[in-house]
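As stored in upload.tsv (TSV, C-alpha atoms):
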```tsv
chain	number	residue	atom	x	y	z
A	199	MET	CA	0.00	0.00	0.00
A	200	ARG	CA	1.34	3.45	-0.93
A	201	PRO	CA	2.27	5.87	1.90
A	202	GLY	CA	-0.41	8.37	0.82
A	203	THR	CA	-3.05	5.66	1.00
A	204	ARG	CA	-1.92	4.59	4.46
A	205	ALA	CA	-2.00	8.19	5.66
A	206	ALA	CA	-5.50	8.76	4.26
A	207	ASP	CA	-6.85	5.66	5.98
A	208	ALA	CA	-5.07	6.59	9.21
A	209	ILE	CA	-7.12	9.81	9.16
A	210	LEU	CA	-10.39	8.19	8.08
A	211	ARG	CA	-10.23	5.52	10.77
A	212	PRO	CA	-10.73	7.89	13.75
A	213	LEU	CA	-13.01	10.21	11.76
A	214	SER	CA	-15.41	7.30	11.27
A	215	ARG	CA	-16.13	7.38	15.02
A	216	ASP	CA	-18.74	9.95	16.00
A	217	TRP	CA	-16.96	10.67	19.29
A	218	ALA	CA	-13.88	11.97	17.46
A	219	GLY	CA	-15.27	15.52	17.38
A	220	PRO	CA	-14.74	16.38	21.09
A	221	VAL	CA	-11.26	14.84	20.97
A	222	ILE	CA	-10.29	16.99	17.98
A	223	ALA	CA	-11.76	20.06	19.69
A	224	LEU	CA	-9.34	19.54	22.58
A	225	LEU	CA	-6.35	20.17	20.29
A	226	PRO	CA	-6.93	23.91	19.68
A	227	ALA	CA	-8.05	24.23	23.31
A	228	ALA	CA	-4.70	22.85	24.48
A	229	ALA	CA	-2.81	25.02	21.98
A	230	GLY	CA	-4.74	28.05	23.21
A	231	ALA	CA	-3.84	27.29	26.82
A	232	TRP	CA	-0.18	27.01	25.86
A	233	CYS	CA	-0.30	30.37	24.08
A	234	VAL	CA	-1.88	32.08	27.08
A	235	THR	CA	0.82	30.78	29.40
A	236	ARG	CA	3.54	32.13	27.08
A	237	GLY	CA	2.75	35.74	27.83
A	238	THR	CA	0.72	38.76	26.77
A	239	GLY	CA	1.81	38.70	23.14
A	240	ARG	CA	0.22	35.35	22.51
A	241	ARG	CA	-2.98	35.81	24.52
A	242	ILE	CA	-4.96	37.06	21.53
A	243	LEU	CA	-3.96	33.98	19.54
A	244	GLY	CA	-4.77	31.81	22.55
A	245	GLY	CA	-8.21	33.41	22.84
A	246	ALA	CA	-8.87	32.80	19.13
A	247	LEU	CA	-7.87	29.16	19.53
A	248	TRP	CA	-10.18	28.81	22.53
A	249	ALA	CA	-13.03	30.34	20.54
A	250	GLY	CA	-12.36	27.87	17.72
A	251	ALA	CA	-12.24	24.99	20.18
A	252	LEU	CA	-15.55	26.10	21.69
A	253	ALA	CA	-17.19	26.23	18.25
A	254	LEU	CA	-15.86	22.77	17.37
A	255	GLY	CA	-16.95	21.41	20.75
A	256	LEU	CA	-20.48	22.76	20.42
A	257	GLY	CA	-20.74	21.45	16.86
A	258	SER	CA	-19.54	18.00	17.86
A	259	PHE	CA	-22.00	17.98	20.77
A	260	ARG	CA	-24.79	18.78	18.33
A	261	HIS	CA	-23.66	15.88	16.16
A	262	LEU	CA	-23.62	13.44	19.09
A	263	VAL	CA	-27.14	14.54	20.08
A	264	HIS	CA	-28.28	13.94	16.51
A	265	VAL	CA	-26.69	10.49	16.47
A	266	ALA	CA	-28.43	9.58	19.72
A	267	ARG	CA	-31.82	10.74	18.42
A	268	VAL	CA	-31.43	8.89	15.13
A	269	ARG	CA	-30.39	5.71	16.96
A	270	VAL	CA	-33.63	5.82	18.97
A	271	ARG	CA	-35.93	6.84	16.13
A	272	TYR	CA	-34.50	4.58	13.43
A	273	PRO	CA	-33.36	1.24	14.91
A	274	PRO	CA	-32.10	-1.36	12.43
A	275	PRO	CA	-35.11	-2.92	10.67
A	276	GLY	CA	-33.17	-6.13	10.00
A	277	ARG	CA	-30.52	-8.19	11.78
A	278	MET	CA	-27.07	-7.08	12.88
A	279	VAL	CA	-24.62	-9.93	12.27
A	280	ASP	CA	-20.95	-10.21	13.21
A	281	VAL	CA	-18.57	-10.64	10.28
A	282	GLY	CA	-15.32	-10.81	12.20
A	283	GLY	CA	-15.12	-8.00	14.71
A	284	HIS	CA	-17.66	-5.64	13.14
A	285	ARG	CA	-21.36	-5.98	12.43
A	286	MET	CA	-23.31	-5.72	9.19
A	287	HIS	CA	-27.01	-5.06	8.78
A	288	VAL	CA	-29.09	-7.56	6.78
A	289	LEU	CA	-32.79	-7.06	6.02
A	290	ALA	CA	-34.44	-10.18	4.56
A	291	GLU	CA	-38.15	-10.49	3.79
A	292	GLY	CA	-40.43	-12.59	1.58
A	293	ASP	CA	-40.74	-16.27	0.82
A	294	ALA	CA	-38.23	-17.82	-1.55
A	295	GLY	CA	-40.19	-20.99	-2.24
A	296	PRO	CA	-38.30	-23.20	-4.69
A	297	ARG	CA	-36.55	-20.24	-6.32
A	298	PRO	CA	-33.26	-18.55	-5.38
A	299	THR	CA	-33.10	-15.56	-3.04
A	300	VAL	CA	-32.34	-12.19	-4.60
A	301	VAL	CA	-29.76	-9.93	-2.91
A	302	TRP	CA	-29.71	-6.24	-3.88
A	303	MET	CA	-26.73	-3.89	-3.77
A	304	PRO	CA	-27.02	-0.15	-4.58
A	305	GLY	CA	-24.49	2.01	-6.34
A	306	GLY	CA	-21.88	4.26	-4.81
A	307	HIS	CA	-21.30	3.13	-1.26
A	308	ALA	CA	-24.88	3.65	-0.14
A	309	GLY	CA	-26.75	1.54	2.38
A	310	GLY	CA	-29.11	-1.15	1.21
A	311	TYR	CA	-32.12	1.07	1.95
A	312	ALA	CA	-31.25	2.96	-1.24
A	313	MET	CA	-32.90	0.01	-3.05
A	314	TYR	CA	-35.84	-0.31	-0.68
A	315	GLN	CA	-38.28	0.54	-3.47
A	316	LEU	CA	-37.11	-2.55	-5.38
A	317	HIS	CA	-37.07	-4.65	-2.22
A	318	GLU	CA	-40.63	-3.64	-1.35
A	319	LEU	CA	-41.87	-4.76	-4.77
A	320	ALA	CA	-39.74	-7.91	-4.86
A	321	ARG	CA	-40.61	-9.29	-1.41
A	322	GLU	CA	-44.18	-9.92	-2.57
A	323	ARG	CA	-43.02	-12.56	-5.05
A	324	MET	CA	-39.56	-13.71	-3.90
A	325	ARG	CA	-37.14	-13.78	-0.98
A	326	SER	CA	-35.49	-10.35	-1.07
A	327	VAL	CA	-32.43	-9.22	0.89
A	328	LEU	CA	-30.85	-5.81	1.46
A	329	VAL	CA	-27.33	-5.67	2.90
A	330	ASP	CA	-25.53	-2.57	4.18
A	331	ARG	CA	-21.87	-2.45	3.24
A	332	PRO	CA	-19.61	-1.73	6.24
A	333	GLY	CA	-19.96	1.93	7.14
A	334	ALA	CA	-23.16	2.33	5.12
A	335	GLY	CA	-26.67	2.28	6.53
A	336	TRP	CA	-26.74	0.64	9.95
A	337	SER	CA	-23.51	-1.36	9.52
A	338	ASP	CA	-20.38	-0.73	11.56
A	339	PRO	CA	-17.52	0.92	9.65
A	340	GLY	CA	-15.22	-2.11	9.68
A	341	PRO	CA	-11.43	-2.00	9.23
A	342	PHE	CA	-9.67	0.35	6.81
A	343	PRO	CA	-8.83	0.43	3.97
A	344	ARG	CA	-12.18	-0.44	2.43
A	345	THR	CA	-11.86	-2.41	-0.83
A	346	THR	CA	-14.25	-4.16	-3.17
A	347	ALA	CA	-12.43	-7.45	-2.62
A	348	THR	CA	-12.82	-7.17	1.16
A	349	GLU	CA	-16.47	-6.20	0.93
A	350	ALA	CA	-17.28	-9.09	-1.41
A	351	VAL	CA	-16.05	-11.51	1.25
A	352	GLU	CA	-17.89	-9.59	3.99
A	353	LEU	CA	-21.12	-9.74	1.98
A	354	LEU	CA	-20.94	-13.51	1.67
A	355	THR	CA	-20.12	-13.85	5.37
A	356	ALA	CA	-23.01	-11.57	6.38
A	357	LEU	CA	-25.51	-13.63	4.38
A	358	GLU	CA	-24.28	-16.84	5.99
A	359	ARG	CA	-24.30	-15.37	9.53
A	360	ALA	CA	-27.81	-14.00	8.96
A	361	GLY	CA	-29.03	-17.53	8.26
A	362	GLU	CA	-29.77	-16.95	4.57
A	363	LYS	CA	-29.37	-19.93	2.27
A	364	GLY	CA	-28.17	-19.99	-1.30
A	365	PRO	CA	-28.34	-20.20	-4.13
A	366	TYR	CA	-28.64	-16.44	-4.61
A	367	VAL	CA	-29.31	-14.15	-7.51
A	368	PHE	CA	-27.09	-11.12	-6.98
A	369	ALA	CA	-28.45	-7.84	-8.37
A	370	GLY	CA	-26.16	-4.82	-8.16
A	371	HIS	CA	-26.34	-1.30	-9.56
A	372	SER	CA	-23.32	0.72	-10.73
A	373	PHE	CA	-20.46	0.27	-8.20
A	374	GLY	CA	-22.69	-2.27	-6.45
A	375	GLY	CA	-22.73	-4.30	-9.68
A	376	LEU	CA	-18.95	-4.54	-9.61
A	377	LEU	CA	-19.16	-5.76	-5.99
A	378	MET	CA	-21.75	-8.42	-6.86
A	379	ALA	CA	-19.67	-9.68	-9.78
A	380	ASN	CA	-16.73	-9.99	-7.37
A	381	ALA	CA	-18.79	-11.96	-4.87
A	382	ALA	CA	-20.05	-14.27	-7.62
A	383	ARG	CA	-16.49	-14.91	-8.81
A	384	ARG	CA	-15.40	-15.89	-5.32
A	385	ARG	CA	-18.28	-18.24	-4.54
A	386	PRO	CA	-19.92	-19.41	-7.79
A	387	ASP	CA	-21.32	-22.41	-5.87
A	388	LEU	CA	-23.59	-20.02	-3.94
A	389	VAL	CA	-24.80	-18.04	-6.95
A	390	ALA	CA	-27.59	-19.04	-9.32
A	391	GLY	CA	-27.49	-15.89	-11.41
A	392	LEU	CA	-26.22	-12.34	-11.70
A	393	VAL	CA	-28.12	-9.19	-12.69
A	394	LEU	CA	-25.78	-6.27	-13.36
A	395	LEU	CA	-27.65	-2.96	-13.48
A	396	ASP	CA	-25.41	-0.65	-15.53
A	397	PRO	CA	-22.38	-1.83	-13.54
A	398	THR	CA	-19.15	0.14	-13.15
A	399	PRO	CA	-16.60	-1.29	-15.63
A	400	PRO	CA	-13.00	-1.18	-14.35
A	401	ASP	CA	-11.83	-0.50	-17.91
A	402	ALA	CA	-13.68	2.84	-17.80
A	403	VAL	CA	-11.58	3.82	-14.79
A	404	ALA	CA	-8.27	2.46	-16.07
A	405	PHE	CA	-8.47	3.60	-19.70
A	406	GLY	CA	-11.25	6.18	-19.89
A	407	PRO	CA	-11.01	9.96	-19.96
A	408	ALA	CA	-10.37	11.71	-16.67
A	409	LEU	CA	-13.63	12.45	-14.86
A	410	PRO	CA	-13.11	15.26	-12.32
A	411	GLY	CA	-16.16	14.28	-10.28
A	412	MET	CA	-14.88	10.76	-9.80
A	413	ARG	CA	-11.41	11.94	-8.86
A	414	ARG	CA	-12.84	14.37	-6.31
A	415	ALA	CA	-15.19	11.82	-4.74
A	416	PRO	CA	-12.86	10.60	-1.94
A	417	ARG	CA	-11.95	14.16	-0.98
A	418	ASP	CA	-15.59	15.28	-1.11
A	419	GLN	CA	-16.63	12.40	1.14
A	420	THR	CA	-13.90	13.28	3.65
A	421	VAL	CA	-15.06	16.91	3.72
A	422	LEU	CA	-18.64	15.73	4.32
A	423	ALA	CA	-17.44	13.56	7.20
A	424	LEU	CA	-15.81	16.58	8.82
A	425	ARG	CA	-18.89	18.72	8.29
A	426	HIS	CA	-21.10	16.11	9.90
A	427	LEU	CA	-18.64	15.49	12.74
A	428	PHE	CA	-18.94	19.13	13.77
A	429	GLY	CA	-22.70	19.36	13.53
A	430	LEU	CA	-23.26	20.82	10.06
A	431	HIS	CA	-26.34	18.75	9.26
A	432	PRO	CA	-28.35	20.69	6.68
A	433	LEU	CA	-30.72	17.77	6.16
A	434	ALA	CA	-31.53	17.52	9.85
A	435	ASP	CA	-32.63	21.18	9.82
A	436	LYS	CA	-35.22	20.67	7.09
A	437	GLY	CA	-38.74	20.01	8.23
A	438	GLU	CA	-39.41	17.47	5.51
A	439	ALA	CA	-36.66	15.23	6.92
A	440	ARG	CA	-38.67	14.84	10.12
A	441	THR	CA	-41.83	13.77	8.30
A	442	PRO	CA	-42.87	10.26	7.39
A	443	GLU	CA	-40.45	7.41	7.15
A	444	ASP	CA	-39.63	7.64	3.47
A	445	PRO	CA	-36.78	5.13	2.97
A	446	ALA	CA	-34.57	7.63	1.15
A	447	ARG	CA	-34.92	10.16	3.97
A	448	VAL	CA	-34.39	7.52	6.63
A	449	LEU	CA	-31.16	6.45	4.93
A	450	ALA	CA	-30.06	10.06	4.55
A	451	MET	CA	-30.55	10.65	8.27
A	452	ILE	CA	-28.77	7.43	9.22
A	453	GLU	CA	-25.84	8.23	6.95
A	454	LEU	CA	-25.21	11.61	8.55
A	455	ARG	CA	-23.01	9.52	10.82
A	456	THR	CA	-19.39	10.01	9.81
A	457	ARG	CA	-18.71	6.32	9.20
A	458	ALA	CA	-20.73	6.39	5.96
A	459	ASN	CA	-18.61	9.15	4.41
A	460	CYS	CA	-15.33	7.73	5.71
A	461	ALA	CA	-16.01	4.24	4.34
A	462	ALA	CA	-17.03	5.75	0.99
A	463	ALA	CA	-13.92	7.96	0.90
A	464	SER	CA	-11.74	4.89	1.42
A	465	ILE	CA	-13.28	2.54	-1.13
A	466	LEU	CA	-13.94	5.16	-3.84
A	467	ARG	CA	-10.18	5.55	-4.21
A	468	GLU	CA	-10.42	2.36	-6.26
A	469	LEU	CA	-12.26	4.36	-8.93
A	470	SER	CA	-9.12	6.08	-10.15
A	471	PRO	CA	-6.33	4.90	-12.46
A	472	GLU	CA	-4.02	4.62	-9.45
A	473	GLY	CA	-6.62	2.68	-7.45
A	474	ILE	CA	-7.33	0.25	-10.28
A	475	THR	CA	-3.60	-0.27	-10.77
A	476	ARG	CA	-3.24	-0.99	-7.06
A	477	ASN	CA	-6.31	-3.24	-6.60
A	478	GLY	CA	-7.31	-4.19	-10.12
A	479	TRP	CA	-6.37	-7.86	-9.96
A	480	GLN	CA	-8.71	-8.37	-7.03
A	481	THR	CA	-11.36	-5.92	-8.25
A	482	ALA	CA	-11.91	-6.77	-11.93
A	483	VAL	CA	-13.86	-9.79	-13.18
A	484	HIS	CA	-12.19	-10.97	-16.35
A	485	ASP	CA	-13.48	-12.68	-19.48
A	486	GLY	CA	-14.79	-16.17	-18.79
A	487	GLU	CA	-14.25	-16.01	-15.02
A	488	LEU	CA	-17.93	-16.63	-14.27
A	489	GLY	CA	-18.06	-19.78	-16.42
A	490	SER	CA	-21.65	-20.53	-17.45
A	491	LEU	CA	-23.33	-18.51	-14.69
A	492	PRO	CA	-26.55	-16.91	-16.02
A	493	LEU	CA	-25.81	-13.19	-16.31
A	494	LEU	CA	-28.04	-10.32	-17.39
A	495	LEU	CA	-26.43	-6.98	-18.24
A	496	VAL	CA	-29.22	-4.43	-17.87
A	497	ALA	CA	-28.39	-0.92	-19.04
A	498	PRO	CA	-29.72	1.90	-21.24
A	499	ARG	CA	-29.31	1.67	-24.98
A	500	ASP	CA	-27.78	5.14	-25.14
A	501	LEU	CA	-26.05	7.60	-22.82
A	502	THR	CA	-29.09	9.46	-21.51
A	503	GLY	CA	-28.18	11.62	-18.54
A	504	GLY	CA	-24.43	11.65	-19.22
A	505	ASP	CA	-24.26	14.86	-21.24
A	506	GLU	CA	-22.20	16.70	-18.61
A	507	ILE	CA	-19.32	14.31	-19.37
A	508	PHE	CA	-19.39	14.93	-23.10
A	509	ASP	CA	-20.14	18.65	-22.96
A	510	ALA	CA	-16.78	19.09	-21.20
A	511	VAL	CA	-15.00	17.81	-24.35
A	512	ASP	CA	-14.70	20.67	-26.86
A	513	ASP	CA	-13.36	18.73	-29.82
A	514	PRO	CA	-16.26	17.03	-31.71
A	515	GLU	CA	-14.14	14.06	-32.81
A	516	GLU	CA	-12.87	13.49	-29.27
A	517	SER	CA	-16.40	13.83	-27.89
A	518	ALA	CA	-17.60	11.17	-30.34
A	519	ARG	CA	-14.76	8.90	-29.24
A	520	VAL	CA	-15.67	9.39	-25.56
A	521	ARG	CA	-19.31	8.57	-26.30
A	522	HIS	CA	-18.35	5.43	-28.18
A	523	PHE	CA	-16.04	4.36	-25.37
A	524	PHE	CA	-18.69	4.64	-22.66
A	525	LEU	CA	-21.30	2.93	-24.84
A	526	THR	CA	-19.11	-0.10	-25.45
A	527	VAL	CA	-16.97	-0.47	-22.32
A	528	ARG	CA	-19.80	-1.76	-20.10
A	529	GLU	CA	-20.52	-4.51	-22.64
A	530	ARG	CA	-17.30	-6.20	-21.54
A	531	PHE	CA	-19.19	-7.70	-18.61
A	532	LEU	CA	-20.99	-9.93	-21.13
A	533	ALA	CA	-17.71	-11.76	-21.76
A	534	ALA	CA	-17.47	-12.82	-18.11
A	535	SER	CA	-19.96	-15.67	-18.66
A	536	SER	CA	-20.87	-17.92	-21.56
A	537	ARG	CA	-24.55	-17.55	-20.55
A	538	SER	CA	-24.85	-13.79	-20.63
A	539	ARG	CA	-27.59	-11.70	-22.21
A	540	ARG	CA	-28.04	-8.00	-22.84
A	541	VAL	CA	-31.27	-6.34	-21.64
A	542	TYR	CA	-32.07	-2.76	-22.61
A	543	THR	CA	-33.88	-0.44	-20.22
A	544	PRO	CA	-36.98	1.50	-21.30
A	545	GLU	CA	-36.37	4.35	-23.72
A	546	GLY	CA	-35.50	7.65	-22.08
A	547	THR	CA	-33.99	6.14	-18.93
A	548	GLY	CA	-30.43	6.76	-17.85
A	549	HIS	CA	-28.02	5.40	-15.26
A	550	ASP	CA	-30.56	5.97	-12.48
A	551	PHE	CA	-33.14	3.66	-14.05
A	552	PRO	CA	-33.51	1.42	-10.93
A	553	ASP	CA	-35.11	4.42	-9.19
A	554	ARG	CA	-37.17	5.49	-12.17
A	555	VAL	CA	-38.51	2.14	-13.39
A	556	PRO	CA	-38.39	-0.25	-10.39
A	557	ASP	CA	-41.21	-2.42	-11.78
A	558	PHE	CA	-39.16	-3.09	-14.89
A	559	VAL	CA	-36.10	-4.06	-12.83
A	560	VAL	CA	-38.07	-6.45	-10.61
A	561	ARG	CA	-39.63	-8.08	-13.69
A	562	VAL	CA	-36.17	-8.65	-15.17
A	563	VAL	CA	-34.92	-10.23	-11.93
A	564	ASP	CA	-38.11	-12.31	-11.70
A	565	SER	CA	-37.52	-13.65	-15.20
A	566	LEU	CA	-34.01	-14.77	-14.23
A	567	LEU	CA	-35.31	-16.42	-11.06
A	568	ASP	CA	-37.69	-18.48	-13.19
A	569	ARG	CA	-34.73	-19.65	-15.26
A	570	CYS	CA	-32.79	-20.57	-12.12
A	571	GLY	CA	-35.54	-22.60	-10.44
A	572	PRO	CA	-35.90	-26.38	-10.39
A	573	ASP	CA	-37.80	-26.36	-13.69
A	574	ALA	CA	-35.48	-23.89	-15.39
A	575	PRO	CA	-35.14	-24.00	-19.16
A	576	GLU	CA	-31.82	-24.36	-20.86
A	577	PRO	CA	-29.30	-21.51	-21.26
A	578	LEU	CA	-30.30	-17.89	-21.80
```
If you convert what's in this file into structure tokens, what do you get?
Amino acid sequence: MRPGTRAADAILRPLSRDWAGPVIALLPAAAGAWCVTRGTGRRILGGALWAGALALGLGSFRHLVHVARVRVRYPPPGRMVDVGGHRMHVLAEGDAGPRPTVVWMPGGHAGGYAMYQLHELARERMRSVLVDRPGAGWSDPGPFPRTTATEAVELLTALERAGEKGPYVFAGHSFGGLLMANAARRRPDLVAGLVLLDPTPPDAVAFGPALPGMRRAPRDQTVLALRHLFGLHPLADKGEARTPEDPARVLAMIELRTRANCAAASILRELSPEGITRNGWQTAVHDGELGSLPLLLVAPRDLTGGDEIFDAVDDPEESARVRHFFLTVRERFLAASSRSRRVYTPEGTGHDFPDRVPDFVVRVVDSLLDRCGPDAPEPL
């Protein structure tokens, strides 16, 4: 591991604990006391440091009060299971019957509740499971650094410790799709099928054009962690956040805890050329590695919603090349299995289609479950 990576994780580790705020506030307080004892010339600086320490202390106290309130109001709806020194949250509902259980994984590093809309529809016709990655949702932060390879193993362990039985159909969106493909590669004996919802292709990170938003993501998440640690909770001040238990709002309130941002800041470093170079062998799923596992690649036909990427490229020929690259690079996942099939999302949908057309997504997963049951037809 590179020194910069070790240093970043050394910072994220304590920041992921909500009690870190008062400890950090003591540092300027101590420095201020030292300045005051050094004489009149430094008393103004000492007073300023004390004022800063007071502001940080009050902000961190506000954060701890928020955490306590959220813990009481929003207890884990599922089970907390130990995966080797830290706990993960698993919410499982519905009757599997003779068919496999579907496990959902959202994009980014969000908690499983980000796919609650899909889970709510799916649990009426299948066994449906939401899992919070470490740090996300109700799960503990876990050890640092966070990596896709580590979280694939943790996911499989959490399902086992929660008492869930395979075979599973893994359904993952975006970065969650890459995680599910990793889990399937590690334990193909537990997986009946794979549904990749516009998954993140490692080739796009390693060989694609530089995307400023992706490069800034770890830094942005660290800044958010610091803001939350010292009580800057804009969401908590909005009246609508206190109204009815909409799953998206519940997750947003839960993930004001610093562990969510710190875990995301750690693992999102993989989505850079340097991160893929460092972890690529354990992160990528290569051609043929999934054997004959049934695999559906579900993604839009075009690049709806991605115009901000292409508008940043002034040269028309280069813009056309970028568009072609992003249209074709995700198709590489089809080569991972000899039983893969491409499914196009409804016209006009973009990368966020699981939120926009959840009925469509559940129907696609349902169709794969039928093919994976005891009376399944031959290959896709």
Could you put an axis-aligned box around every listed atom of region 343-352 of chain A, padded by 4 Å on each side, and send me its centre and edge lengths in Å to one decimal, as AutoDock Vina command-line options?
```
--center_x -13.4 --center_y -5.5 --center_z 0.4 --size_x 17.1 --size_y 19.9 --size_z 15.2
```
Which residue gives the smallest distance to Tyr272 (chain A) among A:Pro445, A:Pro332, A:Gly370, A:Gly295, with all atoms listed in the file counted?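 Residue with the minimum atom-to-atom distance to Tyr272 (chain A): A:Pro445.
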When you look at Val403 (chain A) with a cut-off of 6 Å (counting all atoms listed in the file), what residues show up, excluding the ones that are within fewer than 4 positions of it in the same chain? I need them as a PDB file with C-alpha atoms, in the frame of the given file.
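Generated file (selection-v5.pdb):
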```pdb
ATOM      1  CA  LEU A 469     -12.260   4.360  -8.930  1.00  0.00           C
ATOM      2  CA  SER A 470      -9.120   6.080 -10.150  1.00  0.00           C
ATOM      3  CA  PRO A 471      -6.330   4.900 -12.460  1.00  0.00           C
TER       4      PRO A 471
END
```
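With all atoms listed in the file as the basis for measurement, A:Leu210 is the residue among A:Leu210, A:Ala482, A:Val270, A:Leu243 that approaches Gly333 (chain A) most closely.
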Between CA of Pro304 (chain A) and CA of Pro407 (chain A) - distance in Å to one decimal: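 Result for CA of Pro407 (chain A) versus CA of Pro304 (chain A): 24.4 Å, one decimal.
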Give one line per residue of region 276-392 of chain A that approaches region 493-500 of chain A to at most 10 Å, naming the two atoms of the closest pair and their distance in Å to one decimal, counting all atoms listed in the file; sort by chain then ascending residue number and deliver it as JSON lines.
```
{"residue": "A:Val367", "atom": "CA", "partner": "A:Leu493", "partner_atom": "CA", "distance": 9.5}
{"residue": "A:Phe368", "atom": "CA", "partner": "A:Leu493", "partner_atom": "CA", "distance": 9.6}
{"residue": "A:Ala369", "atom": "CA", "partner": "A:Leu494", "partner_atom": "CA", "distance": 9.4}
{"residue": "A:His371", "atom": "CA", "partner": "A:Val496", "partner_atom": "CA", "distance": 9.3}
{"residue": "A:Ser372", "atom": "CA", "partner": "A:Ala497", "partner_atom": "CA", "distance": 9.9}
{"residue": "A:Gly375", "atom": "CA", "partner": "A:Leu495", "partner_atom": "CA", "distance": 9.7}
{"residue": "A:Ala379", "atom": "CA", "partner": "A:Leu493", "partner_atom": "CA", "distance": 9.6}
{"residue": "A:Ala390", "atom": "CA", "partner": "A:Leu493", "partner_atom": "CA", "distance": 9.3}
{"residue": "A:Gly391", "atom": "CA", "partner": "A:Leu493", "partner_atom": "CA", "distance": 5.8}
{"residue": "A:Leu392", "atom": "CA", "partner": "A:Leu493", "partner_atom": "CA", "distance": 4.7}
```
Gap from CA of Ala381 (chain A) to CA of Thr502 (chain A) - Å, one decimal: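 The value is 29.0 Å.
Nearest residue to Ala382 (chain A), choosing from A:Gly306, A:Gly489, A:Gly282, A:Gly429 and counting all atoms listed in the file: A:Gly489.
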Excluding Asp401 (chain A) and its own-chain neighbours fewer than 5 positions away, which residues fall within 9 Å of it when counting only C-alpha atoms? Please give them as JSON, numbers by chain. {"A": [406, 474, 482, 527, 528, 530]}
Just C-alpha atoms for this one: save the residues we selected as a PDB file, in the frame of the given file.
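Now in again-v6.pdb:
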```pdb
ATOM      1  CA  GLY A 406     -11.250   6.180 -19.890  1.00  0.00           C
ATOM      2  CA  ILE A 474      -7.330   0.250 -10.280  1.00  0.00           C
ATOM      3  CA  ALA A 482     -11.910  -6.770 -11.930  1.00  0.00           C
ATOM      4  CA  VAL A 527     -16.970  -0.470 -22.320  1.00  0.00           C
ATOM      5  CA  ARG A 528     -19.800  -1.760 -20.100  1.00  0.00           C
ATOM      6  CA  ARG A 530     -17.300  -6.200 -21.540  1.00  0.00           C
TER       7      ARG A 530
END
```
Smallest atom-to-atom distance to Gln315 (chain A): which of A:Ile222, A:Leu566, A:Ile242, A:Val555, using all atoms listed in the file?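 Closest to Gln315 (chain A) of all the choices is A:Val555.
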Grab the CA of Pro432 (chain A) to CA of Gly309 (chain A) distance for me, in Å with one decimal place.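 That distance, rounded to one decimal, is 19.7 Å.
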Hey, which of A:Met324, A:Leu376, A:Ala228, A:Met303 ends up closest to Gly478 (chain A)? Count only C-alpha atoms.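 Closest residue, counting only C-alpha atoms: A:Leu376.
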With distances taken over all atoms listed in the file, which residue among A:Ala404, A:Phe259, A:Gly503, A:Val520 lies nearest Arg476 (chain A)?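 Comparing A:Ala404, A:Phe259, A:Gly503, A:Val520 against Arg476 (chain A), the winner is A:Ala404.
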Using only C-alpha atoms, I'd like a table of the residues in region 320-420 of chain A that come within 8 Å of region 451-455 of chain A; for each, show the closest atom pair and its distance in Å rounded to one decimal, ordered by chain and ascending number, as a tab-separated table.
```
residue	atom	partner	partner_atom	distance
A:Ala334	CA	A:Glu453	CA	6.7
A:Gly335	CA	A:Glu453	CA	6.0
A:Trp336	CA	A:Ile452	CA	7.1
```
Compile the contact shell of Arg260 (chain A) as a PyMOL selection string: residues with an atom at most 9 Å away, counting only C-alpha atoms, same-chain residues fewer than 3 positions apart removed. chain A and resi 255-257+263-265+427-430
